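Coordinates from target-v5.tsv are shown below (TSV, C-alpha atoms).
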chain	number	residue	atom	x	y	z
A	216	ALA	CA	0.00	0.00	0.00
A	217	PRO	CA	1.23	3.52	-0.71
A	218	ALA	CA	2.72	5.45	2.17
A	219	GLY	CA	0.15	7.05	4.46
A	220	LEU	CA	-2.61	4.64	3.46
A	221	CYS	CA	-3.30	1.55	5.44
A	222	ARG	CA	-4.92	-1.52	4.06
A	223	ARG	CA	-7.74	-3.01	6.08
A	224	THR	CA	-7.32	-6.65	6.83
A	225	ARG	CA	-10.52	-7.00	8.82
A	226	PRO	CA	-13.98	-5.77	7.85
A	227	MET	CA	-15.32	-2.81	9.78
A	228	PRO	CA	-17.62	-3.88	12.62
A	229	ARG	CA	-21.27	-3.00	12.06
A	230	ILE	CA	-22.68	-0.80	14.73
A	231	ALA	CA	-26.41	-0.64	15.17
A	232	LEU	CA	-27.28	2.95	15.82
A	233	ARG	CA	-30.55	3.77	17.45
A	234	ALA	CA	-32.30	6.72	15.90
A	235	PRO	CA	-33.27	9.48	18.30
A	236	PRO	CA	-36.95	9.50	19.19
A	237	SER	CA	-39.12	11.29	16.68
A	238	ARG	CA	-40.85	14.55	17.54
A	239	GLN	CA	-44.13	12.65	17.61
A	240	THR	CA	-42.74	10.09	20.09
A	241	ARG	CA	-41.34	12.82	22.33
A	242	GLN	CA	-44.71	14.58	22.33
A	243	ALA	CA	-46.54	11.32	23.04
A	244	ARG	CA	-44.56	10.83	26.22
A	245	SER	CA	-45.81	14.15	27.54
A	246	ASN	CA	-49.33	14.19	26.03
A	247	PRO	CA	-51.78	11.38	26.82
A	248	PHE	CA	-53.91	12.26	23.75
A	249	LEU	CA	-51.09	11.63	21.26
A	250	TYR	CA	-50.04	8.13	20.32
A	251	PRO	CA	-47.06	7.24	18.08
A	252	GLY	CA	-48.14	6.01	14.67
A	253	ILE	CA	-51.70	7.19	15.13
A	254	GLY	CA	-51.43	10.91	15.55
A	255	MET	CA	-53.46	13.30	17.57
A	256	ILE	CA	-56.46	11.84	19.34
A	257	MET	CA	-58.92	14.69	19.62
A	258	GLN	CA	-61.26	15.18	22.49
A	259	PHE	CA	-64.88	14.46	21.49
A	260	ARG	CA	-66.88	17.61	20.84
A	261	LEU	CA	-70.67	17.49	20.66
A	262	SER	CA	-72.16	19.94	18.17
A	263	ASP	CA	-75.44	20.44	16.34
A	264	THR	CA	-73.84	20.15	12.89
A	265	TYR	CA	-70.80	18.25	11.76
A	266	ALA	CA	-69.54	18.57	8.18
A	267	PHE	CA	-66.68	16.44	6.81
A	268	TRP	CA	-64.99	15.51	3.52
A	269	TRP	CA	-64.88	11.88	2.39
A	270	PRO	CA	-63.46	10.14	-0.71
A	271	VAL	CA	-65.98	8.72	-3.19
A	272	THR	CA	-65.20	6.33	-6.04
A	273	VAL	CA	-67.82	5.95	-8.73
A	274	ARG	CA	-67.71	2.85	-10.92
A	275	MET	CA	-68.74	4.12	-14.36
A	276	PRO	CA	-69.45	1.90	-17.37
A	277	ASP	CA	-66.45	2.06	-19.72
A	278	PRO	CA	-67.63	3.58	-23.02
A	279	ASP	CA	-64.91	1.78	-25.01
A	280	LYS	CA	-64.94	-1.69	-23.38
A	281	PRO	CA	-68.31	-3.41	-23.12
A	282	GLY	CA	-68.86	-5.00	-19.72
A	283	LYS	CA	-65.98	-3.13	-18.08
A	284	VAL	CA	-66.02	-0.25	-15.61
A	285	LEU	CA	-63.87	2.81	-14.93
A	286	ASP	CA	-63.24	4.04	-11.41
A	287	GLN	CA	-63.60	7.81	-11.11
A	288	SER	CA	-62.95	9.52	-7.77
A	289	PHE	CA	-63.79	12.79	-6.10
A	290	GLU	CA	-64.36	14.08	-2.57
A	291	ALA	CA	-67.80	14.81	-1.18
A	292	GLN	CA	-68.67	16.93	1.79
A	293	PHE	CA	-71.33	15.38	3.99
A	294	LEU	CA	-73.28	16.46	7.05
A	295	MET	CA	-73.54	13.91	9.81
A	296	ILE	CA	-77.12	13.25	10.86
A	297	GLY	CA	-78.47	11.18	13.73
A	298	SER	CA	-79.69	7.61	13.34
A	299	GLU	CA	-83.34	8.58	13.90
A	300	ARG	CA	-83.21	11.20	11.15
A	301	LEU	CA	-81.37	8.76	8.87
A	302	ALA	CA	-84.05	6.10	9.42
A	303	ALA	CA	-86.82	8.63	8.77
A	304	LEU	CA	-85.20	9.82	5.51
A	305	ASP	CA	-84.31	6.31	4.39
A	306	GLY	CA	-87.92	5.27	4.91
A	307	GLU	CA	-89.20	7.98	2.55
A	308	GLY	CA	-89.58	6.08	-0.73
A	309	GLY	CA	-87.12	3.36	0.24
A	310	ASP	CA	-84.17	4.83	-1.70
A	311	GLN	CA	-81.10	6.87	-0.91
A	312	HIS	CA	-82.27	10.02	-2.73
A	313	ALA	CA	-83.77	11.72	0.32
A	314	VAL	CA	-80.76	10.91	2.52
A	315	LEU	CA	-78.21	12.21	0.02
A	316	LYS	CA	-80.20	15.36	-0.72
A	317	GLU	CA	-79.95	16.25	2.95
A	318	VAL	CA	-76.41	15.11	3.78
A	319	TRP	CA	-74.42	15.82	0.56
A	320	THR	CA	-73.47	19.51	0.59
A	321	ASP	CA	-70.43	20.01	-1.67
A	322	TRP	CA	-67.75	18.35	-3.79
A	323	ARG	CA	-64.21	18.87	-4.94
A	324	GLY	CA	-62.35	17.21	-7.79
A	325	VAL	CA	-65.35	17.15	-10.17
A	326	GLU	CA	-64.96	18.51	-13.72
A	327	ASP	CA	-67.52	19.47	-16.34
A	328	GLU	CA	-67.39	18.39	-20.01
A	329	ASN	CA	-64.82	21.11	-20.80
A	330	GLY	CA	-62.41	20.02	-18.07
A	331	SER	CA	-63.18	23.01	-15.86
A	332	GLU	CA	-64.04	22.62	-12.21
A	333	ALA	CA	-67.77	21.91	-11.92
A	334	GLU	CA	-69.72	24.01	-9.46
A	335	PHE	CA	-71.84	22.21	-6.87
A	336	SER	CA	-75.49	23.28	-6.77
A	337	ASP	CA	-78.87	21.71	-6.06
A	338	GLU	CA	-79.29	21.18	-9.81
A	339	THR	CA	-75.92	19.43	-10.32
A	340	ARG	CA	-76.48	17.37	-7.18
A	341	ASP	CA	-79.88	16.20	-8.45
A	342	ARG	CA	-78.42	15.40	-11.89
A	343	CYS	CA	-75.80	13.18	-10.22
A	344	LEU	CA	-78.36	11.48	-7.99
A	345	ASP	CA	-80.39	10.47	-11.07
A	346	TYR	CA	-77.62	7.98	-11.92
A	347	ALA	CA	-77.77	4.80	-9.83
A	348	HIS	CA	-74.00	4.17	-9.92
A	349	VAL	CA	-73.25	7.69	-8.60
A	350	ARG	CA	-75.96	7.47	-5.95
A	351	LEU	CA	-74.70	4.05	-4.78
A	352	ALA	CA	-71.10	5.30	-4.51
A	353	LEU	CA	-72.16	8.37	-2.51
A	354	TYR	CA	-74.44	6.41	-0.19
A	355	THR	CA	-71.75	3.78	0.41
A	356	ALA	CA	-69.19	6.51	1.19
A	357	TYR	CA	-71.58	8.22	3.62
A	358	LEU	CA	-72.37	4.98	5.47
A	359	GLU	CA	-68.67	4.10	5.64
A	360	ALA	CA	-67.86	7.54	7.08
A	361	SER	CA	-70.72	7.51	9.57
A	362	SER	CA	-69.66	4.07	10.82
A	363	GLY	CA	-66.44	5.57	12.17
A	364	ARG	CA	-64.06	3.50	10.02
A	365	ALA	CA	-61.27	5.20	8.13
A	366	ALA	CA	-61.53	5.10	4.35
A	367	GLN	CA	-59.40	2.12	3.39
A	368	ASN	CA	-61.02	0.98	0.21
A	369	THR	CA	-62.86	3.78	-1.55
A	370	GLN	CA	-64.08	1.43	-4.26
A	371	ALA	CA	-67.84	1.29	-4.62
A	372	PRO	CA	-69.22	-2.23	-4.25
A	373	LYS	CA	-69.88	-4.14	-7.47
A	374	VAL	CA	-73.55	-4.33	-8.33
A	375	LYS	CA	-74.96	-7.34	-10.16
A	376	ASN	CA	-77.39	-6.46	-12.91
Can you present the structure in this file as structure tokens?
Amino acid sequence: APAGLCRRTRPMPRIALRAPPSRQTRQARSNPFLYPGIGMIMQFRLSDTYAFWWPVTVRMPDPDKPGKVLDQSFEAQFLMIGSERLAALDGEGGDQHAVLKEVWTDWRGVEDENGSEAEFSDETRDRCLDYAHVRLALYTAYLEASSGRAAQNTQAPKVKN
């Protein structure tokens, strides 16, 4: 070996370094409402109205492939309603129309035919609710959200014709 350079005859020992605790872990030790890996656990707050955003995936018939579907997604804003009100609305006519007219209040990520952002209104909401596949996706998303489960699979269930 050239002068000043030494040649290693043994491999360097591997040292397992322990990473310093994350900011979240340090906070969790001092805050009983914060758990590592979960995030902030908020204190329950009772209010008269509760609006929230939830992902919706609509399974649309593919115009180019007969018998196939396309998944199209957007976010819907819903209002949480109580179980008694939900049962009363669901009983009116036996469909989801009445429920969704009351609980679906806005959207984001929806485009019109020109590719511009579509504006939410009572008219556009009613046009969407006329299509069974859109109505089913929205109703499924609302029930998933109101059950308290996190959105894991935003796919609408397959419907047999």
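If you measure from each of A:Phe289, A:Tyr346, A:Trp269, A:Tyr354 to Lys316 in chain A using all atoms listed in the file, the closest one turns out to be A:Tyr354.
Taking CA of Trp268 in chain A and CA of Ser288 in chain A as the two end points, the separation is 12.9 Å.
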Any chance you could tabulate, as a tab-separated table, the residues of range 257-343 of chain A at most 12 Å from range 360-364 of chain A with each one's nearest atom pair and distance in Å to one decimal, using only C-alpha atoms, in chain and rising number order?
residue	atom	partner	partner_atom	distance
A:Tyr265	CA	A:Ser361	CA	11.0
A:Ala266	CA	A:Ser361	CA	11.2
A:Phe267	CA	A:Ala360	CA	9.0
A:Trp268	CA	A:Ala360	CA	9.2
A:Trp269	CA	A:Ala360	CA	7.1
A:Pro270	CA	A:Ala360	CA	9.3
A:Val271	CA	A:Ala360	CA	10.5
A:Ala291	CA	A:Ala360	CA	11.0
A:Gln292	CA	A:Ala360	CA	10.8
A:Phe293	CA	A:Ala360	CA	9.1
A:Leu294	CA	A:Ser361	CA	9.6
A:Met295	CA	A:Ser361	CA	7.0
A:Ile296	CA	A:Ser361	CA	8.7
A:Gly297	CA	A:Ser361	CA	9.5
A:Ser298	CA	A:Ser361	CA	9.7
A:Leu301	CA	A:Ser361	CA	10.7
A:Val318	CA	A:Ser361	CA	11.1
At what distance in Å, to one decimal, does CA of Leu261 in chain A lie from CA of Arg350 in chain A? 28.9 Å
Let me make sure I understand: among A:Ala303, A:Glu290, A:Leu353, A:Arg342, which one has the smallest atom-to-atom distance to Trp322 in chain A if we use all atoms listed in the file?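 Once distances to Trp322 in chain A are computed over all atoms listed in the file, the minimum belongs to A:Glu290.
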Could you work out how far CA of Asp286 in chain A lies from CA of Thr272 in chain A, giving the answer in Å with one decimal? 6.2 Å
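Every protein or nucleic acid residue with an atom no more than 12 Å from Phe335 in chain A, counting all atoms listed in the file and leaving out same-chain residues fewer than 2 positions away, appears here: Glu290, Ala291, Gln292, Trp319, Thr320, Asp321, Trp322, Arg323, Gly324, Val325, Glu326, Asp327, Glu332, Ala333, Asp337, Glu338, Thr339, Arg340, Asp341, Arg342 and Cys343 of chain A.
Considering the residues A:Asn329, A:Gln311, A:Ser336, A:Thr264 and counting only C-alpha atoms, Val349 in chain A has its shortest atom-to-atom contact with A:Gln311.
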Long-range neighbours of Leu304 in chain A as a count of residues only, 10 Å cut-off, only C-alpha atoms, 5 positions minimum in chain: 11
Proximity to Ala356 in chain A - best of A:Asp305, A:Val273, A:Lys283, A:Gln258, all atoms listed in the file: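 Residue with the minimum atom-to-atom distance to Ala356 in chain A: A:Val273.
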